[in-house]
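Below is one structure, written out as structure tokens; comments come after it.
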Amino acid sequence: MKKLFALTLALLLCLSAAALAAPTEDRAGMPIQLPETVETIVSMAPSTTRVLTDLGLGDRLVAVDTYSAGYQPDLASLPQFDMMAPDVEQLAALEPDVIFITGMSLSGGDNPFQSLIDLGIPVVQIPSSDSIAGIQEDVRFIGACVGEAEAAEALVDAMQADIEAIAAIGATIEEKKTVAVEVSALPYLYYAGGNTYLDEMISLIGAENAYAELDPWASVTEEAAVAANPDVILTIISYLPDPVGEILGREGWGEVTAVANGDVYRLDDEWSNQPNHRIVEALREMAVAVYPEAYASLDAAA
């Protein structure tokens, strides 16, 4: 019996160690080798930076991208780098234990961090996830990389609890509104189509995506946008001073239901644009904007 107990305990310890082991592949499937202890971190993606600071690891950050510093002014004193064209010599001089990047840094075709990889510095890619489940896995992955798996799981648990609470109300909505989420304004209109986490969020609150049948980030002509005639338009644009006013003032849009009724609202661009656990903040905003009466309790809590 003692031998069986010992074997069982050893197996449990092995399983536990495996569960806590640092990942050997990044979220893009590329091999990585992380140090046993991660003390110094560079984050070249604002969505990842937010996860790290919410894990309480702001003091381990030794550099960030310029967007991260813009969203989190308390990080402005750190060295800042262009995520598309970083100064690799300066980054190498920081001797980071890990550098987190996003797929956006590779959009030009070449990897601007390749020379750092050649030096043996772990460069960990986290492509932007297009689903809520993927985002949750990203958060868990980041936690595993930096030795904070349990804290990351707590973030995911809290996120999931909020999602379920909102979805429970959404399931009671009988008269579903159509919603358009605008990610780029005139003259180049883009909307969140199907197979995006924003599409999932629209469904969770009990509404329907006006562009669910289109590609994830769909380019739409102005004529097609008017013809879609959504009940509500949500904008996540940050580059205009008044994106709501811009939509309401568009010539020829007066018959669009959302414009005619003034149901055009702006979602916080950080919470809606960045695929991390904080999308639940945008989910709350979305729910209250589209169905203010059904989600009045959320509005009051805010």
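Please note that chains go A, B, ... in the order of the structure tokens, that every chain numbers its residues from 1, and that ligands are numbered from 1 in the order shown.
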Taking only C-alpha atoms into account, produce a table as CSV in which each residue of segment 55-77 of chain A with an atom at most 10 Å from an atom of segment 91-97 of chain A appears once, together with its shortest atom pair and the distance in Å to one decimal, ordered by chain and rising number.
residue,atom,partner,partner_atom,distance
A:Arg60,CA,A:Pro96,CA,9.7
A:Leu61,CA,A:Pro96,CA,9.0
A:Val62,CA,A:Leu94,CA,7.3
A:Ala63,CA,A:Leu91,CA,8.1
message: Can you tell me, as a ChimeraX atom specification, which residues in segment 68-246 of chain A count as helix (DSSP H, G or I) by DSSP?
response: /A:68-71,73-75,88-93,103-106,114-118,132-145,149-170,197-204,222-228,243-246
task: Using only C-alpha atoms, determine which residues lie at most 7 Å from segment 35-51 of chain A, disregarding the query and same-chain residues fewer than 5 positions distant; provide the list as a ChimeraX atom specification.
output: /A:60-65,67-68,83,96-102,139,146,274-276
field: Selected residue of minimal separation from Ser105 of chain A among A:Asp82, A:Asp269, A:Asp118, A:Glu285, counting only C-alpha atoms
entry: A:Asp82
task: Could you give me, as a PyMOL selection string, the residues within 8 Å of segment 165-168 of chain A, counting only C-alpha atoms and dropping anything in the same chain fewer than 4 positions from it?
output: chain A and resi 161+172+204-206+284+287
Kindly export the residues of the current selection with N, CA and C atoms, as a PDB file, in the first residue's frame.
ATOM      1  N   ALA A 161     -16.569  34.592 -15.616  1.00  0.00           N
ATOM      2  CA  ALA A 161     -17.725  34.862 -14.764  1.00  0.00           C
ATOM      3  C   ALA A 161     -18.516  36.064 -15.276  1.00  0.00           C
ATOM      4  N   THR A 172     -32.097  36.095 -22.679  1.00  0.00           N
ATOM      5  CA  THR A 172     -33.516  36.435 -22.458  1.00  0.00           C
ATOM      6  C   THR A 172     -34.029  37.453 -23.471  1.00  0.00           C
ATOM      7  N   LEU A 204     -23.343  37.382 -27.605  1.00  0.00           N
ATOM      8  CA  LEU A 204     -23.471  37.183 -26.163  1.00  0.00           C
ATOM      9  C   LEU A 204     -24.480  38.142 -25.525  1.00  0.00           C
ATOM     10  N   ILE A 205     -24.560  39.368 -26.034  1.00  0.00           N
ATOM     11  CA  ILE A 205     -25.486  40.331 -25.428  1.00  0.00           C
ATOM     12  C   ILE A 205     -26.915  40.162 -25.959  1.00  0.00           C
ATOM     13  N   GLY A 206     -27.101  39.229 -26.887  1.00  0.00           N
ATOM     14  CA  GLY A 206     -28.433  38.973 -27.405  1.00  0.00           C
ATOM     15  C   GLY A 206     -28.777  39.724 -28.667  1.00  0.00           C
ATOM     16  N   ARG A 284     -19.384  44.901 -21.510  1.00  0.00           N
ATOM     17  CA  ARG A 284     -20.346  45.625 -20.667  1.00  0.00           C
ATOM     18  C   ARG A 284     -20.825  46.890 -21.375  1.00  0.00           C
ATOM     19  N   ALA A 287     -23.221  45.961 -24.147  1.00  0.00           N
ATOM     20  CA  ALA A 287     -24.516  45.510 -23.642  1.00  0.00           C
ATOM     21  C   ALA A 287     -25.388  46.691 -23.222  1.00  0.00           C
TER      22      ALA A 287
END
message: If we count only C-alpha atoms and set the cut-off at 10 Å, which residues sit around segment 184-196 of chain A, ignoring sequence neighbours fewer than 6 positions away in its own chain? Please answer as a VMD selection string.
response: chain A and resid 129 to 132 209 to 222 225 234 to 240 243 246 to 247 250
Excluding same-chain residues fewer than 3 positions from Trp271 of chain A, what lies within 9 Å of it counting only C-alpha atoms, as an mmCIF file with N, CA and C atoms, in the first residue's frame?
data_model
loop_
_atom_site.group_PDB
_atom_site.id
_atom_site.type_symbol
_atom_site.label_atom_id
_atom_site.label_comp_id
_atom_site.auth_asym_id
_atom_site.auth_seq_id
_atom_site.Cartn_x
_atom_site.Cartn_y
_atom_site.Cartn_z
ATOM 1 N N LEU A 267 -17.277 52.711 -28.165
ATOM 2 C CA LEU A 267 -16.719 51.807 -27.168
ATOM 3 C C LEU A 267 -15.280 52.215 -26.889
ATOM 4 N N ASP A 268 -14.836 52.018 -25.673
ATOM 5 C CA ASP A 268 -13.448 52.306 -25.322
ATOM 6 C C ASP A 268 -12.538 51.525 -26.257
ATOM 7 N N GLN A 274 -8.019 45.558 -28.062
ATOM 8 C CA GLN A 274 -6.921 44.729 -27.587
ATOM 9 C C GLN A 274 -7.440 43.366 -27.111
ATOM 10 N N PRO A 275 -7.013 42.292 -27.773
ATOM 11 C CA PRO A 275 -7.510 40.964 -27.406
ATOM 12 C C PRO A 275 -6.864 40.427 -26.136
ATOM 13 N N ASN A 276 -7.425 40.796 -25.012
ATOM 14 C CA ASN A 276 -7.001 40.239 -23.731
ATOM 15 C C ASN A 276 -8.218 40.158 -22.803
ATOM 16 N N HIS A 277 -8.007 39.844 -21.538
ATOM 17 C CA HIS A 277 -9.109 39.630 -20.603
ATOM 18 C C HIS A 277 -9.979 40.865 -20.404
ATOM 19 N N ARG A 278 -9.454 42.050 -20.732
ATOM 20 C CA ARG A 278 -10.212 43.279 -20.521
ATOM 21 C C ARG A 278 -11.304 43.512 -21.576
ATOM 22 N N ILE A 279 -11.458 42.607 -22.532
ATOM 23 C CA ILE A 279 -12.567 42.770 -23.490
ATOM 24 C C ILE A 279 -13.913 42.712 -22.776
ATOM 25 N N VAL A 280 -13.948 42.169 -21.561
ATOM 26 C CA VAL A 280 -15.221 42.140 -20.829
ATOM 27 C C VAL A 280 -15.686 43.557 -20.495
ATOM 28 N N GLU A 281 -14.736 44.508 -20.395
ATOM 29 C CA GLU A 281 -15.123 45.894 -20.161
ATOM 30 C C GLU A 281 -15.876 46.425 -21.381
ATOM 31 N N ALA A 282 -15.390 46.097 -22.570
ATOM 32 C CA ALA A 282 -16.076 46.495 -23.799
ATOM 33 C C ALA A 282 -17.399 45.753 -23.934
ATOM 34 N N LEU A 283 -17.436 44.513 -23.473
ATOM 35 C CA LEU A 283 -18.683 43.734 -23.520
ATOM 36 C C LEU A 283 -19.765 44.406 -22.678
#
- line: In Å and to one decimal, atom CA of Ala294 of chain A is distant from atom CA of Val156 of chain A by 25.2 Å
Expected answer as an MDAnalysis selection string: strand (DSSP E) residues in segment 180-259 of chain A: chainID A and resid 180:184 190:192 208:209 217:219 232:235
Could the residues in this selection be saved with N, CA and C atoms as an mmCIF file, in the first residue's frame?
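Final output, selection_30.cif:
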data_model
loop_
_atom_site.group_PDB
_atom_site.id
_atom_site.type_symbol
_atom_site.label_atom_id
_atom_site.label_comp_id
_atom_site.auth_asym_id
_atom_site.auth_seq_id
_atom_site.Cartn_x
_atom_site.Cartn_y
_atom_site.Cartn_z
ATOM 1 N N ALA A 180 -23.752 47.016 -35.879
ATOM 2 C CA ALA A 180 -22.562 47.139 -36.723
ATOM 3 C C ALA A 180 -21.443 47.730 -35.876
ATOM 4 N N VAL A 181 -20.297 47.067 -35.856
ATOM 5 C CA VAL A 181 -19.128 47.587 -35.137
ATOM 6 C C VAL A 181 -18.156 48.139 -36.169
ATOM 7 N N GLU A 182 -18.020 49.458 -36.193
ATOM 8 C CA GLU A 182 -17.178 50.132 -37.179
ATOM 9 C C GLU A 182 -15.766 50.272 -36.641
ATOM 10 N N VAL A 183 -14.813 49.758 -37.425
ATOM 11 C CA VAL A 183 -13.410 49.821 -37.003
ATOM 12 C C VAL A 183 -12.601 50.796 -37.838
ATOM 13 N N SER A 184 -13.185 51.298 -38.928
ATOM 14 C CA SER A 184 -12.536 52.325 -39.739
ATOM 15 C C SER A 184 -13.624 53.164 -40.392
ATOM 16 N N TYR A 190 -14.560 49.923 -42.620
ATOM 17 C CA TYR A 190 -14.319 48.531 -42.239
ATOM 18 C C TYR A 190 -15.191 48.202 -41.042
ATOM 19 N N TYR A 191 -15.708 46.980 -41.027
ATOM 20 C CA TYR A 191 -16.563 46.535 -39.926
ATOM 21 C C TYR A 191 -16.109 45.169 -39.426
ATOM 22 N N ALA A 192 -16.443 44.872 -38.183
ATOM 23 C CA ALA A 192 -16.157 43.553 -37.628
ATOM 24 C C ALA A 192 -17.141 42.560 -38.222
ATOM 25 N N GLU A 208 -27.550 40.731 -33.014
ATOM 26 C CA GLU A 208 -27.057 40.096 -34.228
ATOM 27 C C GLU A 208 -26.104 41.040 -34.944
ATOM 28 N N ASN A 209 -25.007 40.477 -35.430
ATOM 29 C CA ASN A 209 -24.024 41.266 -36.158
ATOM 30 C C ASN A 209 -24.537 41.542 -37.567
ATOM 31 N N TRP A 217 -12.598 41.110 -40.872
ATOM 32 C CA TRP A 217 -12.471 42.564 -40.858
ATOM 33 C C TRP A 217 -12.792 43.035 -42.269
ATOM 34 N N ALA A 218 -14.081 43.308 -42.486
ATOM 35 C CA ALA A 218 -14.612 43.477 -43.836
ATOM 36 C C ALA A 218 -14.582 44.915 -44.321
ATOM 37 N N SER A 219 -14.073 45.085 -45.538
ATOM 38 C CA SER A 219 -14.148 46.372 -46.223
ATOM 39 C C SER A 219 -15.524 46.471 -46.871
ATOM 40 N N VAL A 232 -28.164 49.608 -34.441
ATOM 41 C CA VAL A 232 -27.174 50.281 -33.583
ATOM 42 C C VAL A 232 -25.822 50.245 -34.292
ATOM 43 N N ILE A 233 -25.096 51.354 -34.231
ATOM 44 C CA ILE A 233 -23.715 51.390 -34.730
ATOM 45 C C ILE A 233 -22.796 51.664 -33.545
ATOM 46 N N LEU A 234 -21.808 50.820 -33.378
ATOM 47 C CA LEU A 234 -20.796 51.002 -32.342
ATOM 48 C C LEU A 234 -19.472 51.296 -33.029
ATOM 49 N N THR A 235 -18.803 52.340 -32.613
ATOM 50 C CA THR A 235 -17.506 52.673 -33.192
ATOM 51 C C THR A 235 -16.403 52.431 -32.171
#
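Going from atom CA of Gln80 of chain A to atom CA of Gly58 of chain A covers 14.4 Å.
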